[in-house]
file coords37.txt (compact mmCIF, C-alpha atoms)
# COMPACT_ATOMS: atom_id res chain seq x y z
CA MET A 53 -35.00 48.80 -56.83
CA PHE A 54 -35.28 52.06 -55.00
CA SER A 55 -32.06 53.87 -54.40
CA PHE A 56 -31.63 54.78 -50.75
CA THR A 57 -28.81 57.16 -51.33
CA ARG A 58 -30.81 60.37 -51.21
CA THR A 59 -31.55 61.67 -47.71
CA LEU A 60 -35.02 61.43 -46.26
CA GLY A 61 -35.33 65.18 -46.29
CA ALA A 62 -34.43 65.38 -49.97
CA ARG A 63 -36.94 62.68 -50.87
CA LEU A 64 -39.77 64.28 -48.95
CA SER A 65 -39.06 67.70 -50.36
CA GLY A 66 -39.12 66.13 -53.82
CA VAL A 67 -42.56 64.67 -53.09
CA THR A 68 -43.96 67.89 -51.67
CA ALA A 69 -42.57 69.85 -54.63
CA ARG A 70 -44.95 67.94 -56.91
CA PHE A 71 -47.94 69.22 -54.95
CA ALA A 72 -46.73 72.79 -54.61
CA SER A 73 -48.97 73.96 -57.45
CA THR A 74 -51.61 75.58 -55.20
CA ALA A 75 -50.72 78.40 -52.86
CA ALA A 76 -51.91 76.44 -49.83
CA ASN A 77 -49.65 73.50 -50.63
CA ALA A 78 -46.73 75.77 -51.37
CA ALA A 79 -47.00 77.12 -47.84
CA LYS A 80 -46.77 73.59 -46.40
CA PRO A 81 -43.44 73.16 -44.63
CA THR A 82 -41.09 70.42 -45.76
CA TYR A 83 -39.93 68.03 -43.06
CA LYS A 84 -36.48 68.67 -41.72
CA ALA A 85 -35.19 66.26 -39.12
CA PRO A 86 -34.09 67.90 -35.84
CA ALA A 87 -30.40 67.81 -35.01
CA SER A 88 -30.91 65.11 -32.37
CA VAL A 89 -32.14 62.60 -34.95
CA THR A 90 -29.60 61.02 -37.26
CA VAL A 91 -31.27 60.25 -40.55
CA PRO A 92 -29.47 57.35 -42.19
CA THR A 93 -28.78 57.62 -45.85
CA GLN A 94 -28.45 53.89 -46.22
CA PHE A 95 -31.61 52.13 -45.01
CA LYS A 96 -30.55 48.58 -45.51
CA PRO A 97 -28.88 47.34 -42.30
CA ASN A 98 -26.12 44.80 -42.45
CA THR A 99 -27.87 41.74 -41.09
CA LYS A 100 -24.70 39.61 -41.37
CA GLY A 101 -26.50 36.53 -42.60
CA GLN A 102 -29.22 36.50 -39.93
CA GLY A 103 -32.79 37.72 -40.07
CA LEU A 104 -33.71 41.30 -39.27
CA MET A 105 -35.62 40.34 -36.13
CA GLN A 106 -32.68 38.25 -34.90
CA LEU A 107 -30.41 41.22 -35.39
CA ILE A 108 -32.76 43.54 -33.53
CA ALA A 109 -33.11 41.06 -30.67
CA LYS A 110 -29.33 40.65 -30.39
CA GLU A 111 -28.81 44.41 -30.38
CA GLU A 112 -31.44 44.81 -27.65
CA VAL A 113 -29.83 42.09 -25.54
CA LYS A 114 -26.48 43.85 -25.92
CA ARG A 115 -28.00 47.19 -24.99
CA MET A 116 -30.00 45.96 -22.00
CA GLY A 117 -27.18 43.71 -20.83
CA ALA A 118 -24.67 46.56 -20.78
CA ASP A 119 -24.77 46.65 -16.96
CA GLY A 120 -23.45 43.10 -16.85
CA ARG A 121 -26.61 41.10 -16.19
CA SER A 122 -25.96 38.78 -19.12
CA LYS A 123 -23.24 37.10 -17.10
CA LEU A 124 -25.93 35.78 -14.73
CA PHE A 125 -27.15 33.54 -17.51
CA ASN A 126 -23.82 32.75 -19.08
CA LYS A 127 -22.85 29.21 -18.12
CA SER A 128 -19.18 29.76 -18.76
CA HIS A 129 -19.06 32.73 -16.39
CA PRO A 130 -18.14 32.01 -12.74
CA ASP A 131 -20.87 34.37 -11.54
CA CYS A 132 -23.58 32.49 -13.38
CA LEU A 133 -26.89 31.78 -11.64
CA ARG A 134 -27.62 28.13 -10.99
CA PRO A 135 -30.91 26.52 -9.97
CA GLY A 136 -30.91 26.21 -6.21
CA ASP A 137 -29.03 29.45 -5.50
CA VAL A 138 -30.55 31.75 -2.93
CA VAL A 139 -31.03 34.99 -4.77
CA LEU A 140 -31.99 38.53 -3.75
CA VAL A 141 -33.75 40.52 -6.46
CA GLU A 142 -34.10 44.26 -6.08
CA THR A 143 -36.76 45.83 -8.26
CA LEU A 144 -37.53 49.46 -8.84
CA ASN A 145 -41.11 50.31 -7.96
CA SER A 146 -41.32 52.78 -10.78
CA MET A 147 -38.95 54.14 -13.38
CA SER A 148 -39.20 57.65 -11.99
CA ALA A 149 -38.61 57.02 -8.28
CA ASP A 150 -35.65 55.40 -6.55
CA LYS A 151 -37.66 53.20 -4.21
CA THR A 152 -37.05 49.50 -4.49
CA SER A 153 -38.74 46.30 -3.41
CA THR A 154 -36.76 43.22 -2.51
CA PHE A 155 -37.56 39.58 -2.92
CA VAL A 156 -35.39 36.78 -1.60
CA GLY A 157 -35.81 33.19 -2.57
CA VAL A 158 -34.51 30.04 -4.12
CA LEU A 159 -33.99 30.08 -7.86
CA ILE A 160 -36.12 27.22 -9.14
CA ALA A 161 -36.13 27.85 -12.88
CA MET A 162 -34.10 29.67 -15.49
CA ASP A 163 -35.25 30.05 -19.07
CA ARG A 164 -32.82 31.25 -21.68
CA ARG A 165 -34.87 32.98 -24.32
CA GLY A 166 -32.71 35.82 -25.56
CA LEU A 167 -34.32 39.12 -24.66
CA HIS A 168 -37.15 37.29 -22.93
CA SER A 169 -34.81 35.35 -20.62
CA ASN A 170 -36.45 34.91 -17.26
CA PHE A 171 -35.95 33.19 -13.95
CA THR A 172 -38.34 32.10 -11.21
CA VAL A 173 -37.60 32.66 -7.56
CA ARG A 174 -39.56 30.88 -4.84
CA ASN A 175 -39.90 31.61 -1.17
CA VAL A 176 -42.24 30.79 1.67
CA VAL A 177 -43.56 34.01 3.19
CA LEU A 178 -45.78 33.84 6.27
CA LYS A 179 -46.49 30.16 5.56
CA VAL A 180 -47.58 30.89 1.99
CA GLY A 181 -45.39 29.89 -0.92
CA VAL A 182 -44.76 32.75 -3.32
CA GLU A 183 -43.11 32.52 -6.70
CA MET A 184 -41.97 35.48 -8.73
CA LYS A 185 -40.89 35.26 -12.31
CA TYR A 186 -38.54 38.04 -13.35
CA MET A 187 -37.52 39.09 -16.82
CA LEU A 188 -33.74 39.28 -16.80
CA TYR A 189 -33.49 42.23 -19.17
CA SER A 190 -36.25 44.27 -17.60
CA PRO A 191 -35.11 47.82 -16.78
CA MET A 192 -37.09 47.59 -13.54
CA ILE A 193 -34.63 45.08 -12.11
CA LYS A 194 -32.04 47.02 -10.18
CA SER A 195 -29.85 44.15 -9.04
CA VAL A 196 -29.71 40.41 -8.63
CA ARG A 197 -27.43 39.18 -5.89
CA ILE A 198 -26.54 35.62 -5.03
CA MET A 199 -26.77 35.22 -1.29
CA LYS A 200 -25.86 31.58 -1.17
CA ARG A 201 -24.86 29.00 -3.74
CA GLY A 202 -27.17 26.03 -4.04
CA GLU A 203 -25.69 22.66 -3.17
CA GLY A 204 -26.90 19.24 -4.10
CA PHE A 205 -29.54 20.31 -6.63
CA ARG A 206 -29.25 18.00 -9.58
CA ARG A 207 -32.04 19.33 -11.76
CA ALA A 208 -32.44 22.33 -14.03
CA LYS A 209 -35.98 23.01 -12.85
CA LEU A 210 -36.67 22.59 -9.15
CA PHE A 211 -40.45 22.44 -9.31
CA TYR A 212 -40.39 19.46 -6.95
CA LEU A 213 -39.58 21.92 -4.17
CA ARG A 214 -43.21 23.02 -4.26
CA ASP A 215 -44.27 19.69 -2.78
CA ASN A 216 -41.08 18.63 -1.03
CA PRO A 217 -39.39 21.77 0.23
CA GLY A 218 -37.27 20.06 2.84
CA ARG A 219 -35.12 22.72 4.48
CA ALA A 220 -34.75 24.71 1.27
CA PHE A 221 -36.79 27.73 2.38
CA ARG A 222 -35.25 28.42 5.79
CA LEU A 223 -33.94 31.75 4.60
CA GLU A 224 -34.53 34.12 7.53
CA GLY A 225 -31.02 33.58 8.88
CA LEU A 226 -29.52 34.38 5.49
CA VAL A 227 -31.59 37.53 5.13
CA LYS A 228 -30.50 38.72 8.58
CA GLN A 229 -26.85 38.00 7.80
CA ASP A 230 -27.13 39.83 4.52
CA LYS A 231 -28.81 42.84 6.12
CA ALA A 232 -26.08 43.04 8.73
CA ALA A 233 -23.42 42.78 6.03
CA GLN A 234 -25.09 45.53 4.00
CA ALA A 235 -25.36 47.78 7.04
CA LYS A 236 -21.67 47.22 7.78
CA LYS A 237 -20.76 48.06 4.21
CA ALA A 238 -22.83 51.22 4.30
CA ALA A 239 -21.27 52.25 7.60
CA LYS A 240 -17.77 51.60 6.24
CA SER A 241 -18.31 53.62 3.08
CA ALA A 242 -20.06 56.45 4.94
CA ASP B 102 -61.04 41.00 -8.21
CA GLU B 103 -64.33 40.95 -6.35
CA ILE B 104 -66.20 37.71 -6.25
CA VAL B 105 -69.29 36.27 -4.63
CA VAL B 106 -68.59 33.46 -2.21
CA VAL B 107 -70.47 31.11 0.03
CA VAL B 108 -69.07 30.41 3.46
CA ASN B 109 -68.43 26.69 3.85
CA LYS B 110 -66.70 26.74 7.18
CA ALA B 111 -66.97 29.42 9.83
CA LYS B 112 -65.06 29.36 13.06
CA ALA B 113 -67.38 29.67 16.04
CA ASN B 114 -65.23 32.21 17.85
CA ALA B 115 -64.59 34.42 14.82
CA VAL B 116 -65.97 37.85 13.91
CA ALA B 117 -68.87 38.68 16.22
CA THR B 118 -71.13 41.68 16.68
CA ALA B 119 -71.56 43.46 20.00
CA SER B 120 -74.35 41.11 21.03
CA GLY B 121 -72.14 38.05 20.53
CA VAL B 122 -73.89 36.81 17.40
CA PRO B 123 -71.29 35.81 14.81
CA LYS B 124 -71.24 38.05 11.78
CA VAL B 125 -70.36 35.16 9.51
CA LYS B 126 -72.12 31.82 9.62
CA LYS B 127 -71.77 28.73 7.52
CA GLY B 128 -73.94 29.06 4.44
CA ASP B 129 -73.69 32.85 4.15
CA VAL B 130 -73.38 34.23 0.67
CA ARG B 131 -71.06 37.20 0.66
CA HIS B 132 -68.86 39.32 -1.52
CA ALA B 133 -65.15 38.85 -1.19
CA LEU B 134 -61.96 40.17 -2.64
CA VAL B 135 -59.32 37.84 -4.00
CA VAL B 136 -55.99 38.61 -2.36
CA ARG B 137 -53.93 35.60 -3.43
CA ALA B 138 -54.29 33.43 -6.49
CA ARG B 139 -52.56 30.27 -7.58
CA LYS B 140 -52.75 31.40 -11.18
CA GLU B 141 -49.79 33.58 -12.04
CA THR B 142 -50.75 37.23 -12.54
CA LEU B 143 -48.85 39.51 -14.86
CA ARG B 144 -47.42 42.76 -13.58
CA PRO B 145 -46.97 45.72 -15.96
CA ASP B 146 -43.20 45.26 -16.11
CA GLY B 147 -43.42 41.63 -17.18
CA ARG B 148 -43.08 40.03 -13.76
CA TYR B 149 -45.33 37.17 -12.78
CA VAL B 150 -46.51 36.47 -9.22
CA ARG B 151 -47.96 33.19 -8.11
CA PHE B 152 -49.05 32.10 -4.66
CA ASP B 153 -49.49 28.56 -3.38
CA ASP B 154 -53.14 29.00 -2.55
CA ASN B 155 -56.24 31.01 -3.36
CA ALA B 156 -57.35 33.38 -0.63
CA CYS B 157 -59.96 36.08 -0.30
CA VAL B 158 -61.07 38.68 2.20
CA LEU B 159 -64.77 38.97 3.02
CA LEU B 160 -66.41 42.29 2.28
CA ASN B 161 -69.52 43.89 3.66
CA LYS B 162 -72.29 45.41 1.55
CA GLN B 163 -70.39 48.69 1.22
CA GLY B 164 -67.41 46.87 -0.19
CA GLU B 165 -65.21 47.35 2.86
CA PRO B 166 -63.35 44.49 4.54
CA LEU B 167 -65.52 42.78 7.12
CA GLY B 168 -62.79 41.96 9.58
CA THR B 169 -60.26 44.13 11.31
CA ARG B 170 -57.21 42.04 10.59
CA VAL B 171 -55.76 40.36 7.54
CA LEU B 172 -53.62 37.28 7.94
CA GLY B 173 -50.91 36.21 5.58
CA VAL B 174 -49.43 37.66 2.45
CA VAL B 175 -51.45 39.81 0.13
CA SER B 176 -50.89 40.42 -3.55
CA GLY B 177 -49.62 43.76 -4.82
CA GLU B 178 -52.38 43.81 -7.44
CA LEU B 179 -54.44 45.45 -4.70
CA ARG B 180 -52.48 48.67 -4.91
CA GLN B 181 -55.48 50.72 -5.84
CA LYS B 182 -57.09 53.61 -4.01
CA ARG B 183 -60.07 51.48 -3.12
CA TRP B 184 -58.12 48.83 -1.22
CA MET B 185 -55.53 50.97 0.54
CA LYS B 186 -57.08 50.19 3.92
CA LEU B 187 -56.78 46.49 3.27
CA LEU B 188 -53.18 46.89 2.17
CA SER B 189 -52.31 48.71 5.34
CA LEU B 190 -53.84 45.88 7.38
CA ALA B 191 -51.88 43.21 5.58
CA PRO B 192 -48.69 42.03 7.30
CA LYS B 193 -46.89 41.63 3.98
CA VAL B 194 -47.62 42.75 0.44
CA ILE B 195 -45.81 41.09 -2.42

call {"tool": "encode", "arguments": {"input": "coords37.txt", "output": "structure tokens"}}
result
Amino acid sequence: MFSFTRTLGARLSGVTARFASTAANAAKPTYKAPASVTVPTQFKPNTKGQGLMQLIAKEEVKRMGADGRSKLFNKSHPDCLRPGDVVLVETLNSMSADKTSTFVGVLIAMDRRGLHSNFTVRNVVLKVGVEMKYMLYSPMIKSVRIMKRGEGFRRAKLFYLRDNPGRAFRLEGLVKQDKAAQAKKAAKSA
Amino acid sequence: DEIVVVVNKAKANAVATASGVPKVKKGDVRHALVVRARKETLRPDGRYVRFDDNACVLLNKQGEPLGTRVLGVVSGELRQKRWMKLLSLAPKVI
């Protein structure tokens, strides 16, 4: 088995040394990692009894969920999302600018898929039903706020609301309330 | 996406030229631009958008919208230079 104890730089310089016979090759620079890059001496990660891809996925979930969005999908957390909640999702329009778009709607589906966890939000806008499926761990999602808890929804997936909406999508009042509350908050903190 | 459509139903009092002849009659074959689709479309950041119906906007030969108003929601896929006029006409872009 290869020994991984020598540094990357040392190994590369060893390789280039073999080809340093000609003058042209001797002038070739050996690779030296910049200070910002930490070159590990030990390349075998500690997978702790799981596969490498599982480990990478878990690390990514931990990294992307550092702002606390994992709790939205954690059933044992009181702030967990539930199907039927009225949810406001704020999305960044681009990673460089601060402008956001908002979408309010009823949460009709949640899929727990690790890093690919997603949820579907449905609303009726100008008499047209619109559904948006968001990736929970997407960096474009700025915030997910629960505007109202759903009551009386006894299913995990509320696709029946597409045909039988009932009063589920009367959300203008909620949006107005929320806007007023936000304005008040901004005025208070200002 | 631009498609070719045939007009199945045309309102009698809809788009009319100066002389009063309707611009769009039943049976016309025209180009149109899809603004809403029932099939979910993928956005670059992994979001999906799906509307409850399929809708399109009729275009003239130059590829500009035929009418002066757009009713209903319009998909954000149209955020291209070519369709900025249409976007500005739309009451809501999602």

call {"tool": "residues_around", "arguments": {"input": "coords37.txt", "residues": "Val175 of chain B", "least_positions_apart": "3", "cutoff": "10 Å", "atoms": "only C-alpha atoms", "output": "list in words"}}
result
Val180 of chain A; Val135, Val136, Arg137, Ala138, Phe152, Ala156, Cys157, Val158, Val171, Leu172, Glu178, Leu179, Leu187, Leu188, Leu190, Ala191, Pro192, Lys193, Val194 and Ile195 of chain B

call {"tool": "residues_around", "arguments": {"input": "coords37.txt", "residues": "segment 150-153 of chain A", "least_positions_apart": "2", "cutoff": "12 Å", "atoms": "all atoms listed in the file", "output": "ChimeraX atom specification"}}
result
/A:140-148,155-156,192-196 /B:177,193-195

call {"tool": "closest_residue", "arguments": {"input": "coords37.txt", "among": "A:Lys110, A:Arg219, A:Arg115, A:Lys237", "to": "Asn175 of chain A", "atoms": "only C-alpha atoms"}}
result
A:Arg219

call {"tool": "interface_residues", "arguments": {"input": "coords37.txt", "of": "chain B", "to": "chain A", "cutoff": "8 Å", "atoms": "all atoms listed in the file", "output": "list in words"}}
result
Asp146, Gly147, Arg148, Tyr149, Val150, Arg151, Phe152, Asp153, Asp154, Gly173 and Val174 of chain B

call {"tool": "atom_distance", "arguments": {"input": "coords37.txt", "atom1": "atom CA of Gln106 of chain A", "atom2": "atom CA of Ser122 of chain A"}}
result
17.2 Å

call {"tool": "residues_around", "arguments": {"input": "coords37.txt", "residues": "Arg131 of chain B", "least_positions_apart": "6", "cutoff": "8 Å", "atoms": "all atoms listed in the file", "output": "list in words"}}
result
Val105, Val106, Val107, Val108, Leu159, Leu160 and Asn161 of chain B

call {"tool": "atom_distance", "arguments": {"input": "coords37.txt", "atom1": "atom CA of Pro217 of chain A", "atom2": "atom CA of Asp230 of chain A"}}
result
22.2 Å

call {"tool": "atom_distance", "arguments": {"input": "coords37.txt", "atom1": "atom CA of Leu133 of chain A", "atom2": "atom CA of Leu159 of chain A"}}
result
8.2 Å
